[in-house]
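Peer 1: File follows, my_file-v8.cif with mmCIF, C-alpha atoms:
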```
data_target
loop_
_atom_site.label_atom_id
_atom_site.label_comp_id
_atom_site.auth_asym_id
_atom_site.auth_seq_id
_atom_site.Cartn_x
_atom_site.Cartn_y
_atom_site.Cartn_z
CA LYS F 12 197.33 -31.20 220.37
CA ALA F 13 200.99 -30.78 219.48
CA GLY F 14 203.48 -33.15 221.04
CA VAL F 15 206.68 -32.40 222.90
CA THR F 16 209.09 -30.46 220.72
CA GLN F 17 212.85 -30.25 221.09
CA THR F 18 215.31 -27.95 219.40
CA PRO F 19 217.72 -28.28 217.82
CA ARG F 20 217.37 -31.83 216.53
CA TYR F 21 221.05 -32.24 215.74
CA LEU F 22 224.08 -30.48 217.09
CA ILE F 23 227.83 -30.82 216.68
CA LYS F 24 230.09 -29.20 219.26
CA THR F 25 233.77 -29.25 220.13
CA ARG F 26 235.24 -30.43 223.44
CA GLY F 27 235.30 -27.65 226.00
CA GLN F 28 232.37 -25.75 224.52
CA GLN F 29 228.97 -25.44 226.14
CA VAL F 30 225.55 -26.24 224.72
CA THR F 31 221.93 -25.37 225.47
CA LEU F 32 219.05 -27.62 224.46
CA SER F 33 215.41 -26.57 224.50
CA CYS F 34 212.19 -28.47 225.20
CA SER F 35 208.59 -27.31 224.84
CA PRO F 36 206.12 -29.58 226.63
CA ILE F 37 202.66 -30.57 225.52
CA SER F 38 200.26 -27.71 226.15
CA GLY F 39 198.99 -27.89 229.73
CA HIS F 40 201.81 -30.13 230.93
CA ARG F 41 203.81 -28.57 233.73
CA SER F 42 206.34 -31.28 234.52
CA VAL F 43 209.38 -31.64 232.27
CA SER F 44 212.04 -34.33 232.62
CA TRP F 45 215.31 -34.83 230.78
CA TYR F 46 217.07 -38.09 229.92
CA GLN F 47 220.37 -39.01 228.30
CA GLN F 48 220.69 -42.04 226.04
CA THR F 49 224.09 -43.51 225.15
CA PRO F 50 224.99 -46.94 223.73
CA GLY F 51 227.03 -47.76 226.83
CA GLN F 52 224.82 -46.49 229.66
CA GLY F 53 221.39 -46.72 228.07
CA LEU F 54 218.68 -44.28 229.09
CA GLN F 55 219.45 -42.32 232.25
CA PHE F 56 217.42 -39.72 234.13
CA LEU F 57 219.00 -36.27 234.30
CA PHE F 58 216.49 -34.03 236.10
CA GLU F 59 212.85 -33.08 236.46
CA TYR F 60 211.31 -29.63 236.70
CA PHE F 61 207.89 -28.59 237.88
CA SER F 62 206.63 -25.03 238.28
CA GLU F 63 210.13 -23.66 237.60
CA THR F 64 211.66 -25.75 240.40
CA GLN F 65 213.98 -28.72 240.09
CA ARG F 66 212.15 -31.55 241.75
CA ASN F 67 214.54 -34.46 241.16
CA LYS F 68 218.10 -34.83 239.92
CA GLY F 69 219.93 -37.85 238.58
CA ASN F 70 223.52 -38.85 239.14
CA PHE F 71 225.26 -36.49 236.73
CA PRO F 72 228.08 -33.99 237.33
CA GLY F 73 227.40 -30.32 237.96
CA ARG F 74 228.27 -29.54 234.33
CA PHE F 75 224.72 -30.61 233.55
CA SER F 76 222.13 -28.05 234.59
CA GLY F 77 218.66 -27.04 233.63
CA ARG F 78 215.88 -24.61 234.20
CA GLN F 79 212.20 -24.17 233.54
CA PHE F 80 210.39 -21.02 232.56
CA SER F 81 206.98 -19.77 233.63
CA ASN F 82 205.43 -21.13 230.41
CA SER F 83 206.78 -24.61 231.34
CA ARG F 84 209.36 -24.60 228.55
CA SER F 85 212.65 -26.03 229.75
CA GLU F 86 216.28 -25.76 228.80
CA MET F 87 219.24 -27.89 229.75
CA ASN F 88 222.82 -26.75 229.58
CA VAL F 89 226.01 -28.75 229.45
CA SER F 90 229.22 -26.84 230.08
CA THR F 91 232.79 -27.85 229.28
CA LEU F 92 231.68 -30.58 226.90
CA GLU F 93 233.47 -33.92 226.93
CA LEU F 94 233.52 -36.61 224.24
CA GLY F 95 231.42 -38.80 226.53
CA ASP F 96 228.60 -36.26 226.45
CA SER F 97 227.80 -37.35 222.89
CA ALA F 98 224.31 -38.76 223.24
CA LEU F 99 220.66 -38.50 222.39
CA TYR F 100 219.01 -36.11 224.87
CA LEU F 101 215.33 -36.74 225.37
CA CYS F 102 212.79 -34.53 227.03
CA ALA F 103 209.46 -35.72 228.42
CA SER F 104 206.44 -33.93 229.80
CA SER F 105 203.54 -35.01 231.96
CA LEU F 106 200.32 -33.57 233.26
CA HIS F 107 200.18 -32.48 236.88
CA GLY F 108 198.79 -35.38 238.90
CA SER F 109 199.75 -37.97 236.28
CA TYR F 110 202.96 -39.94 236.01
CA GLU F 111 202.49 -40.87 232.36
CA GLN F 112 205.33 -39.24 230.43
CA TYR F 113 205.35 -38.27 226.76
CA PHE F 114 208.68 -37.94 225.01
CA GLY F 115 209.91 -35.56 222.37
CA PRO F 116 211.97 -36.58 219.32
CA GLY F 117 215.27 -35.83 221.04
CA THR F 118 218.37 -33.79 220.32
CA ARG F 119 221.34 -35.75 219.02
CA LEU F 120 224.53 -34.12 220.31
CA THR F 121 227.91 -35.04 218.89
CA VAL F 122 231.04 -33.77 220.64
CA THR F 123 234.25 -33.85 218.60
CA GLY Z 116 218.25 -47.28 243.22
CA ILE Z 117 215.70 -49.38 241.40
CA GLN Z 118 217.06 -52.12 239.15
CA VAL Z 119 215.17 -52.97 235.96
CA GLU Z 120 215.90 -56.06 233.90
CA GLN Z 121 214.32 -56.83 230.57
CA SER Z 122 214.33 -60.16 228.78
CA PRO Z 123 215.10 -61.37 226.27
CA PRO Z 124 217.67 -58.79 225.11
CA ASP Z 125 217.16 -59.79 221.48
CA LEU Z 126 214.28 -61.49 219.71
CA ILE Z 127 213.85 -62.52 216.09
CA LEU Z 128 210.40 -63.54 214.88
CA GLN Z 129 208.68 -64.44 211.66
CA GLU Z 130 205.82 -62.20 210.69
CA GLY Z 131 202.62 -63.45 212.27
CA ALA Z 132 204.24 -64.94 215.36
CA ASN Z 133 203.39 -63.97 218.93
CA SER Z 134 205.88 -62.86 221.58
CA THR Z 135 206.15 -62.00 225.25
CA LEU Z 136 208.60 -59.45 226.62
CA ARG Z 137 209.33 -59.39 230.33
CA CYS Z 138 210.34 -56.63 232.72
CA ASN Z 139 211.48 -57.36 236.29
CA PHE Z 140 212.05 -54.59 238.80
CA SER Z 141 213.57 -54.57 242.23
CA ASP Z 142 211.35 -52.26 244.29
CA SER Z 143 207.80 -51.01 244.67
CA VAL Z 144 206.87 -48.47 242.03
CA ASN Z 145 203.89 -46.28 241.23
CA ASN Z 146 204.90 -45.64 237.64
CA LEU Z 147 205.51 -48.21 234.93
CA GLN Z 148 205.49 -47.52 231.22
CA TRP Z 149 206.27 -49.48 228.07
CA PHE Z 150 207.77 -47.67 225.08
CA HIS Z 151 208.73 -48.52 221.54
CA GLN Z 152 211.74 -46.60 220.26
CA ASN Z 153 211.52 -45.86 216.57
CA PRO Z 154 214.56 -45.84 214.26
CA TRP Z 155 214.88 -42.06 214.68
CA GLY Z 156 215.13 -42.36 218.45
CA GLN Z 157 211.72 -41.18 219.58
CA LEU Z 158 210.08 -43.10 222.39
CA ILE Z 159 206.50 -43.96 221.51
CA ASN Z 160 204.13 -44.58 224.44
CA LEU Z 161 202.62 -48.04 224.41
CA PHE Z 162 201.19 -48.44 227.90
CA TYR Z 163 201.11 -46.67 231.23
CA ILE Z 164 200.49 -49.66 233.49
CA PRO Z 165 201.66 -49.56 237.12
CA SER Z 166 199.26 -52.44 237.81
CA GLY Z 167 196.62 -54.52 236.06
CA THR Z 168 196.06 -55.41 232.43
CA LYS Z 169 195.50 -53.25 229.35
CA GLN Z 170 195.03 -53.99 225.69
CA ASN Z 171 195.49 -51.87 222.59
CA GLY Z 172 194.94 -53.70 219.33
CA ARG Z 173 197.54 -56.44 218.90
CA LEU Z 174 199.41 -55.31 221.99
CA SER Z 175 198.57 -55.98 225.59
CA ALA Z 176 200.38 -55.61 228.89
CA THR Z 177 200.07 -56.97 232.39
CA THR Z 178 201.79 -55.72 235.53
CA VAL Z 179 201.82 -57.74 238.74
CA ALA Z 180 203.07 -55.09 241.12
CA THR Z 181 203.19 -57.38 244.17
CA GLU Z 182 205.57 -59.70 242.31
CA ARG Z 183 207.48 -56.84 240.65
CA TYR Z 184 207.17 -57.77 237.01
CA SER Z 185 205.41 -56.66 233.87
CA LEU Z 186 204.78 -58.44 230.58
CA LEU Z 187 204.21 -57.01 227.13
CA TYR Z 188 202.46 -59.27 224.63
CA ILE Z 189 202.67 -58.74 220.89
CA SER Z 190 200.34 -60.88 218.82
CA SER Z 191 200.42 -61.47 215.06
CA SER Z 192 203.65 -59.50 214.78
CA GLN Z 193 204.28 -57.32 211.74
CA THR Z 194 207.55 -56.01 210.28
CA THR Z 195 206.60 -52.55 211.53
CA ASP Z 196 206.80 -53.90 215.10
CA SER Z 197 210.58 -54.11 214.74
CA GLY Z 198 212.62 -51.89 217.02
CA VAL Z 199 213.58 -51.62 220.64
CA TYR Z 200 211.03 -51.99 223.42
CA PHE Z 201 211.75 -50.37 226.76
CA CYS Z 202 210.19 -50.84 230.14
CA ALA Z 203 210.60 -47.89 232.51
CA VAL Z 204 209.65 -47.79 236.17
CA GLY Z 205 209.79 -45.26 238.94
CA ALA Z 206 208.36 -43.44 241.86
CA GLY Z 207 206.80 -40.38 240.32
CA ASN Z 208 208.33 -38.90 237.21
CA MET Z 209 211.87 -40.17 237.78
CA LEU Z 210 211.97 -43.16 235.45
CA THR Z 211 214.59 -45.91 235.49
CA PHE Z 212 214.80 -47.71 232.17
CA GLY Z 213 215.62 -51.32 231.48
CA GLY Z 214 218.17 -52.27 228.88
CA GLY Z 215 215.50 -52.90 226.27
CA THR Z 216 214.47 -55.80 224.05
CA ARG Z 217 215.56 -55.47 220.43
CA LEU Z 218 212.88 -57.08 218.27
CA MET Z 219 213.31 -57.98 214.63
CA VAL Z 220 210.29 -59.24 212.70
CA LYS Z 221 211.17 -60.92 209.41
CA PRO Z 222 208.73 -61.02 206.48
#
```
What does this structure look like when you write it as structure tokens?
Peer 2:
Amino acid sequence: KAGVTQTPRYLIKTRGQQVTLSCSPISGHRSVSWYQQTPGQGLQFLFEYFSETQRNKGNFPGRFSGRQFSNSRSEMNVSTLELGDSALYLCASSLHGSYEQYFGPGTRLTVT
Amino acid sequence: GIQVEQSPPDLILQEGANSTLRCNFSDSVNNLQWFHQNPWGQLINLFYIPSGTKQNGRLSATTVATERYSLLYISSSQTTDSGVYFCAVGAGNMLTFGGGTRLMVKP
């Protein structure tokens, strides 16, 4: 069974631009969560989606948003990029009824 | 929110040595996982262990939920065990991560 996939793997953007990251969960997994990893703040929860609905949201500004499609694929969007948004963005999926999360390889975003 | 503290923050071992990594958390949880982050950033699942004891080869883990801590044991360490180990806890799928233990195993 294929693991969680994330695209693109690397991205360079300029301050003020917006970016969309994509995550495809493991087949059969319906819950998708997003995390941000930075050297200063560590790994932080962004949001979780299940059945196309946001179920939980972390403490991030409204510039960070996401959505989930009917096939469980998820996207996250960051608008008006700031230098501090440079980070590794990780996506995880889990099976309905299980809390065990499986992570993708991440998207490394650099904002210049 | 839940606080998660991992110790030690850094650990240097000789190949073949054993080690114990600790994770303390501040509240009741129904989700606890241990991960190993590889040099490319991917989090590799080691254990899903909200309570009890599990073993997988040279690695084992124990969580004492009533006392709010978990331990990860690495026996006969190998250079390939090097990297950062994270403990993550939560209620449901919203995980709070500890700061990690950076392990270096020297040949």
Peer 1: I need every residue sitting at most 7 Å from the point (235.5, -29.5, 218.2) (coordinates as in the file, all atoms listed in the file considered), written as a PyMOL selection string.
Peer 2: chain F and resi 24-26+122-123
Peer 1: Would you kindly return, as a PyMOL selection string, each protein, DNA or RNA residue with an atom no farther than 10 Å from any atom of range 59-69 of chain F, considering only C-alpha atoms and excluding same-chain residues fewer than 6 positions away?
Peer 2: (chain F and resi 40-46+76-85+102-105+107) or (chain Z and resi 207-209)
Peer 1: Identify all residues satisfying the PyMOL selection byres ((chain F and resi 33) around 7) in the given file; provide them as an MDAnalysis selection string.
Peer 2: chainID F and resid 17:18 31:32 34:35 85:87
Peer 1: Applying 10 Å and all atoms listed in the file, which residues near Ser90 in chain F remain after dropping the ones on its own chain fewer than 2 positions away? List them as a PyMOL selection string.
Peer 2: chain F and resi 26-31+73-76+88+92-93
Peer 1: Between CA of Asp142 in chain Z and CA of Gln121 in chain Z, what is the distance in Å, rounded to a tenth?
Peer 2: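 We find that CA of Asp142 in chain Z and CA of Gln121 in chain Z lie 14.8 Å from each other.
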Peer 1: Could you tell me, as a list of chain:residue names, exactly which residues end up selected when the PyMOL selection byres ((chain Z and resi 156) around 12) is applied to this structure?
Peer 2: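 This file, filtered by the PyMOL selection byres ((chain Z and resi 156) around 12), leaves F:Arg20, F:Gln47, F:Gln48, F:Thr49, F:Leu54, F:Ala98, F:Leu99, F:Tyr100, F:Leu101, F:Cys102, F:Phe114, F:Gly115, F:Pro116, F:Gly117, F:Thr118, F:Arg119, Z:Phe150, Z:His151, Z:Gln152, Z:Asn153, Z:Pro154, Z:Trp155, Z:Gln157, Z:Leu158, Z:Ile159, Z:Gly198, Z:Val199, Z:Tyr200.
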Peer 1: Which residue out of Z:Cys138, Z:Leu161, Z:Gln170, Z:Glu130 has the minimum interatomic distance to Thr211 in chain Z when all atoms listed in the file are used?
Peer 2: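 Of the candidates, the smallest distance to Thr211 in chain Z is held by Z:Cys138.
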Peer 1: Write out as a PyMOL selection string which residues come within 10 Å of Val220 in chain Z when counting all atoms listed in the file, dropping same-chain ones fewer than 3 positions away.
Peer 2: chain Z and resi 126-132+192-198
Peer 1: Only N, CA, C and O atoms, as a PDB file, in the first residue's frame: that is what I want for range 147-182 of chain Z.
Peer 2:
```pdb
ATOM      1  N   LEU Z 147      -0.671   8.454  21.942  1.00  0.00           N
ATOM      2  CA  LEU Z 147       0.742   8.699  22.183  1.00  0.00           C
ATOM      3  C   LEU Z 147       1.527   7.916  21.143  1.00  0.00           C
ATOM      4  O   LEU Z 147       1.311   6.710  20.977  1.00  0.00           O
ATOM      5  N   GLN Z 148       2.382   8.602  20.444  1.00  0.00           N
ATOM      6  CA  GLN Z 148       3.196   7.956  19.420  1.00  0.00           C
ATOM      7  C   GLN Z 148       4.658   8.373  19.571  1.00  0.00           C
ATOM      8  O   GLN Z 148       4.937   9.507  19.975  1.00  0.00           O
ATOM      9  N   TRP Z 149       5.539   7.465  19.215  1.00  0.00           N
ATOM     10  CA  TRP Z 149       6.968   7.743  19.103  1.00  0.00           C
ATOM     11  C   TRP Z 149       7.345   7.704  17.628  1.00  0.00           C
ATOM     12  O   TRP Z 149       6.929   6.799  16.891  1.00  0.00           O
ATOM     13  N   PHE Z 150       8.163   8.676  17.235  1.00  0.00           N
ATOM     14  CA  PHE Z 150       8.623   8.776  15.847  1.00  0.00           C
ATOM     15  C   PHE Z 150      10.132   8.955  15.820  1.00  0.00           C
ATOM     16  O   PHE Z 150      10.739   9.503  16.748  1.00  0.00           O
ATOM     17  N   HIS Z 151      10.718   8.533  14.702  1.00  0.00           N
ATOM     18  CA  HIS Z 151      12.108   8.806  14.398  1.00  0.00           C
ATOM     19  C   HIS Z 151      12.112   9.661  13.133  1.00  0.00           C
ATOM     20  O   HIS Z 151      11.512   9.267  12.120  1.00  0.00           O
ATOM     21  N   GLN Z 152      12.724  10.842  13.217  1.00  0.00           N
ATOM     22  CA  GLN Z 152      12.771  11.702  12.034  1.00  0.00           C
ATOM     23  C   GLN Z 152      14.068  11.454  11.281  1.00  0.00           C
ATOM     24  O   GLN Z 152      15.162  11.598  11.862  1.00  0.00           O
ATOM     25  N   ASN Z 153      13.936  11.061  10.023  1.00  0.00           N
ATOM     26  CA  ASN Z 153      15.134  10.773   9.247  1.00  0.00           C
ATOM     27  C   ASN Z 153      15.776  12.068   8.742  1.00  0.00           C
ATOM     28  O   ASN Z 153      15.186  13.142   8.878  1.00  0.00           O
ATOM     29  N   PRO Z 154      16.995  11.979   8.208  1.00  0.00           N
ATOM     30  CA  PRO Z 154      17.699  13.206   7.799  1.00  0.00           C
ATOM     31  C   PRO Z 154      16.950  14.021   6.748  1.00  0.00           C
ATOM     32  O   PRO Z 154      17.221  15.211   6.586  1.00  0.00           O
ATOM     33  N   TRP Z 155      16.030  13.436   6.036  1.00  0.00           N
ATOM     34  CA  TRP Z 155      15.273  14.142   5.011  1.00  0.00           C
ATOM     35  C   TRP Z 155      13.976  14.742   5.566  1.00  0.00           C
ATOM     36  O   TRP Z 155      13.214  15.359   4.846  1.00  0.00           O
ATOM     37  N   GLY Z 156      13.735  14.522   6.846  1.00  0.00           N
ATOM     38  CA  GLY Z 156      12.602  15.171   7.489  1.00  0.00           C
ATOM     39  C   GLY Z 156      11.383  14.293   7.715  1.00  0.00           C
ATOM     40  O   GLY Z 156      10.462  14.694   8.419  1.00  0.00           O
ATOM     41  N   GLN Z 157      11.349  13.124   7.112  1.00  0.00           N
ATOM     42  CA  GLN Z 157      10.149  12.294   7.278  1.00  0.00           C
ATOM     43  C   GLN Z 157      10.090  11.675   8.663  1.00  0.00           C
ATOM     44  O   GLN Z 157      11.090  11.228   9.199  1.00  0.00           O
ATOM     45  N   LEU Z 158       8.892  11.676   9.229  1.00  0.00           N
ATOM     46  CA  LEU Z 158       8.661  11.058  10.527  1.00  0.00           C
ATOM     47  C   LEU Z 158       8.294   9.601  10.314  1.00  0.00           C
ATOM     48  O   LEU Z 158       7.294   9.287   9.659  1.00  0.00           O
ATOM     49  N   ILE Z 159       9.111   8.734  10.885  1.00  0.00           N
ATOM     50  CA  ILE Z 159       8.898   7.289  10.759  1.00  0.00           C
ATOM     51  C   ILE Z 159       8.220   6.796  12.037  1.00  0.00           C
ATOM     52  O   ILE Z 159       8.723   7.048  13.142  1.00  0.00           O
ATOM     53  N   ASN Z 160       7.086   6.098  11.869  1.00  0.00           N
ATOM     54  CA  ASN Z 160       6.381   5.568  13.043  1.00  0.00           C
ATOM     55  C   ASN Z 160       7.208   4.495  13.741  1.00  0.00           C
ATOM     56  O   ASN Z 160       7.683   3.557  13.101  1.00  0.00           O
ATOM     57  N   LEU Z 161       7.358   4.647  15.050  1.00  0.00           N
ATOM     58  CA  LEU Z 161       8.009   3.607  15.836  1.00  0.00           C
ATOM     59  C   LEU Z 161       6.959   2.832  16.639  1.00  0.00           C
ATOM     60  O   LEU Z 161       6.884   1.618  16.551  1.00  0.00           O
ATOM     61  N   PHE Z 162       6.192   3.570  17.428  1.00  0.00           N
ATOM     62  CA  PHE Z 162       5.172   2.939  18.257  1.00  0.00           C
ATOM     63  C   PHE Z 162       3.951   3.850  18.390  1.00  0.00           C
ATOM     64  O   PHE Z 162       4.083   5.059  18.486  1.00  0.00           O
ATOM     65  N   TYR Z 163       2.790   3.216  18.386  1.00  0.00           N
ATOM     66  CA  TYR Z 163       1.552   3.850  18.824  1.00  0.00           C
ATOM     67  C   TYR Z 163       1.253   3.211  20.169  1.00  0.00           C
ATOM     68  O   TYR Z 163       0.970   2.007  20.241  1.00  0.00           O
ATOM     69  N   ILE Z 164       1.394   3.981  21.278  1.00  0.00           N
ATOM     70  CA  ILE Z 164       1.377   3.328  22.582  1.00  0.00           C
ATOM     71  C   ILE Z 164       0.774   4.245  23.645  1.00  0.00           C
ATOM     72  O   ILE Z 164       1.507   4.773  24.508  1.00  0.00           O
ATOM     73  N   PRO Z 165      -0.559   4.436  23.615  1.00  0.00           N
ATOM     74  CA  PRO Z 165      -1.179   5.275  24.645  1.00  0.00           C
ATOM     75  C   PRO Z 165      -1.123   4.663  26.043  1.00  0.00           C
ATOM     76  O   PRO Z 165      -1.298   5.359  27.046  1.00  0.00           O
ATOM     77  N   SER Z 166      -0.886   3.356  26.119  1.00  0.00           N
ATOM     78  CA  SER Z 166      -0.672   2.700  27.407  1.00  0.00           C
ATOM     79  C   SER Z 166       0.003   1.359  27.151  1.00  0.00           C
ATOM     80  O   SER Z 166      -0.028   0.844  26.025  1.00  0.00           O
ATOM     81  N   GLY Z 167       0.615   0.804  28.199  1.00  0.00           N
ATOM     82  CA  GLY Z 167       1.188  -0.526  28.089  1.00  0.00           C
ATOM     83  C   GLY Z 167       2.594  -0.552  27.545  1.00  0.00           C
ATOM     84  O   GLY Z 167       3.301   0.442  27.543  1.00  0.00           O
ATOM     85  N   THR Z 168       3.009  -1.749  27.124  1.00  0.00           N
ATOM     86  CA  THR Z 168       4.364  -1.988  26.647  1.00  0.00           C
ATOM     87  C   THR Z 168       4.319  -2.683  25.296  1.00  0.00           C
ATOM     88  O   THR Z 168       3.480  -3.559  25.069  1.00  0.00           O
ATOM     89  N   LYS Z 169       5.214  -2.263  24.402  1.00  0.00           N
ATOM     90  CA  LYS Z 169       5.344  -2.906  23.095  1.00  0.00           C
ATOM     91  C   LYS Z 169       6.819  -3.064  22.772  1.00  0.00           C
ATOM     92  O   LYS Z 169       7.664  -2.299  23.248  1.00  0.00           O
ATOM     93  N   GLN Z 170       7.106  -4.050  21.948  1.00  0.00           N
ATOM     94  CA  GLN Z 170       8.482  -4.271  21.513  1.00  0.00           C
ATOM     95  C   GLN Z 170       8.509  -4.513  20.020  1.00  0.00           C
ATOM     96  O   GLN Z 170       7.606  -5.142  19.455  1.00  0.00           O
ATOM     97  N   ASN Z 171       9.555  -3.992  19.378  1.00  0.00           N
ATOM     98  CA  ASN Z 171       9.764  -4.215  17.957  1.00  0.00           C
ATOM     99  C   ASN Z 171      11.269  -4.307  17.721  1.00  0.00           C
ATOM    100  O   ASN Z 171      11.959  -3.296  17.600  1.00  0.00           O
ATOM    101  N   GLY Z 172      11.765  -5.530  17.703  1.00  0.00           N
ATOM    102  CA  GLY Z 172      13.200  -5.722  17.499  1.00  0.00           C
ATOM    103  C   GLY Z 172      14.006  -5.172  18.658  1.00  0.00           C
ATOM    104  O   GLY Z 172      13.755  -5.517  19.806  1.00  0.00           O
ATOM    105  N   ARG Z 173      14.949  -4.287  18.346  1.00  0.00           N
ATOM    106  CA  ARG Z 173      15.798  -3.698  19.391  1.00  0.00           C
ATOM    107  C   ARG Z 173      15.110  -2.545  20.127  1.00  0.00           C
ATOM    108  O   ARG Z 173      15.663  -2.011  21.082  1.00  0.00           O
ATOM    109  N   LEU Z 174      13.967  -2.153  19.671  1.00  0.00           N
ATOM    110  CA  LEU Z 174      13.248  -1.047  20.296  1.00  0.00           C
ATOM    111  C   LEU Z 174      12.066  -1.564  21.100  1.00  0.00           C
ATOM    112  O   LEU Z 174      11.401  -2.523  20.693  1.00  0.00           O
ATOM    113  N   SER Z 175      11.842  -0.894  22.224  1.00  0.00           N
ATOM    114  CA  SER Z 175      10.634  -1.164  22.989  1.00  0.00           C
ATOM    115  C   SER Z 175      10.168   0.130  23.634  1.00  0.00           C
ATOM    116  O   SER Z 175      10.938   1.093  23.738  1.00  0.00           O
ATOM    117  N   ALA Z 176       8.902   0.163  24.022  1.00  0.00           N
ATOM    118  CA  ALA Z 176       8.340   1.366  24.622  1.00  0.00           C
ATOM    119  C   ALA Z 176       7.356   0.975  25.704  1.00  0.00           C
ATOM    120  O   ALA Z 176       6.684  -0.062  25.603  1.00  0.00           O
ATOM    121  N   THR Z 177       7.297   1.833  26.705  1.00  0.00           N
ATOM    122  CA  THR Z 177       6.349   1.650  27.804  1.00  0.00           C
ATOM    123  C   THR Z 177       5.698   2.981  28.098  1.00  0.00           C
ATOM    124  O   THR Z 177       6.385   4.000  28.206  1.00  0.00           O
ATOM    125  N   THR Z 178       4.382   2.980  28.227  1.00  0.00           N
ATOM    126  CA  THR Z 178       3.649   4.178  28.641  1.00  0.00           C
ATOM    127  C   THR Z 178       2.887   3.878  29.913  1.00  0.00           C
ATOM    128  O   THR Z 178       2.127   2.905  29.971  1.00  0.00           O
ATOM    129  N   VAL Z 179       3.108   4.723  30.928  1.00  0.00           N
ATOM    130  CA  VAL Z 179       2.347   4.628  32.175  1.00  0.00           C
ATOM    131  C   VAL Z 179       1.417   5.836  32.181  1.00  0.00           C
ATOM    132  O   VAL Z 179       1.776   6.934  32.610  1.00  0.00           O
ATOM    133  N   ALA Z 180       0.216   5.624  31.666  1.00  0.00           N
ATOM    134  CA  ALA Z 180      -0.705   6.737  31.439  1.00  0.00           C
ATOM    135  C   ALA Z 180      -1.113   7.411  32.755  1.00  0.00           C
ATOM    136  O   ALA Z 180      -1.255   8.640  32.804  1.00  0.00           O
ATOM    137  N   THR Z 181      -1.260   6.629  33.812  1.00  0.00           N
ATOM    138  CA  THR Z 181      -1.697   7.199  35.091  1.00  0.00           C
ATOM    139  C   THR Z 181      -0.637   8.130  35.670  1.00  0.00           C
ATOM    140  O   THR Z 181      -0.958   9.044  36.432  1.00  0.00           O
ATOM    141  N   GLU Z 182       0.635   7.903  35.315  1.00  0.00           N
ATOM    142  CA  GLU Z 182       1.706   8.761  35.805  1.00  0.00           C
ATOM    143  C   GLU Z 182       2.207   9.717  34.730  1.00  0.00           C
ATOM    144  O   GLU Z 182       3.156  10.463  34.949  1.00  0.00           O
TER     145      GLU Z 182
END
```
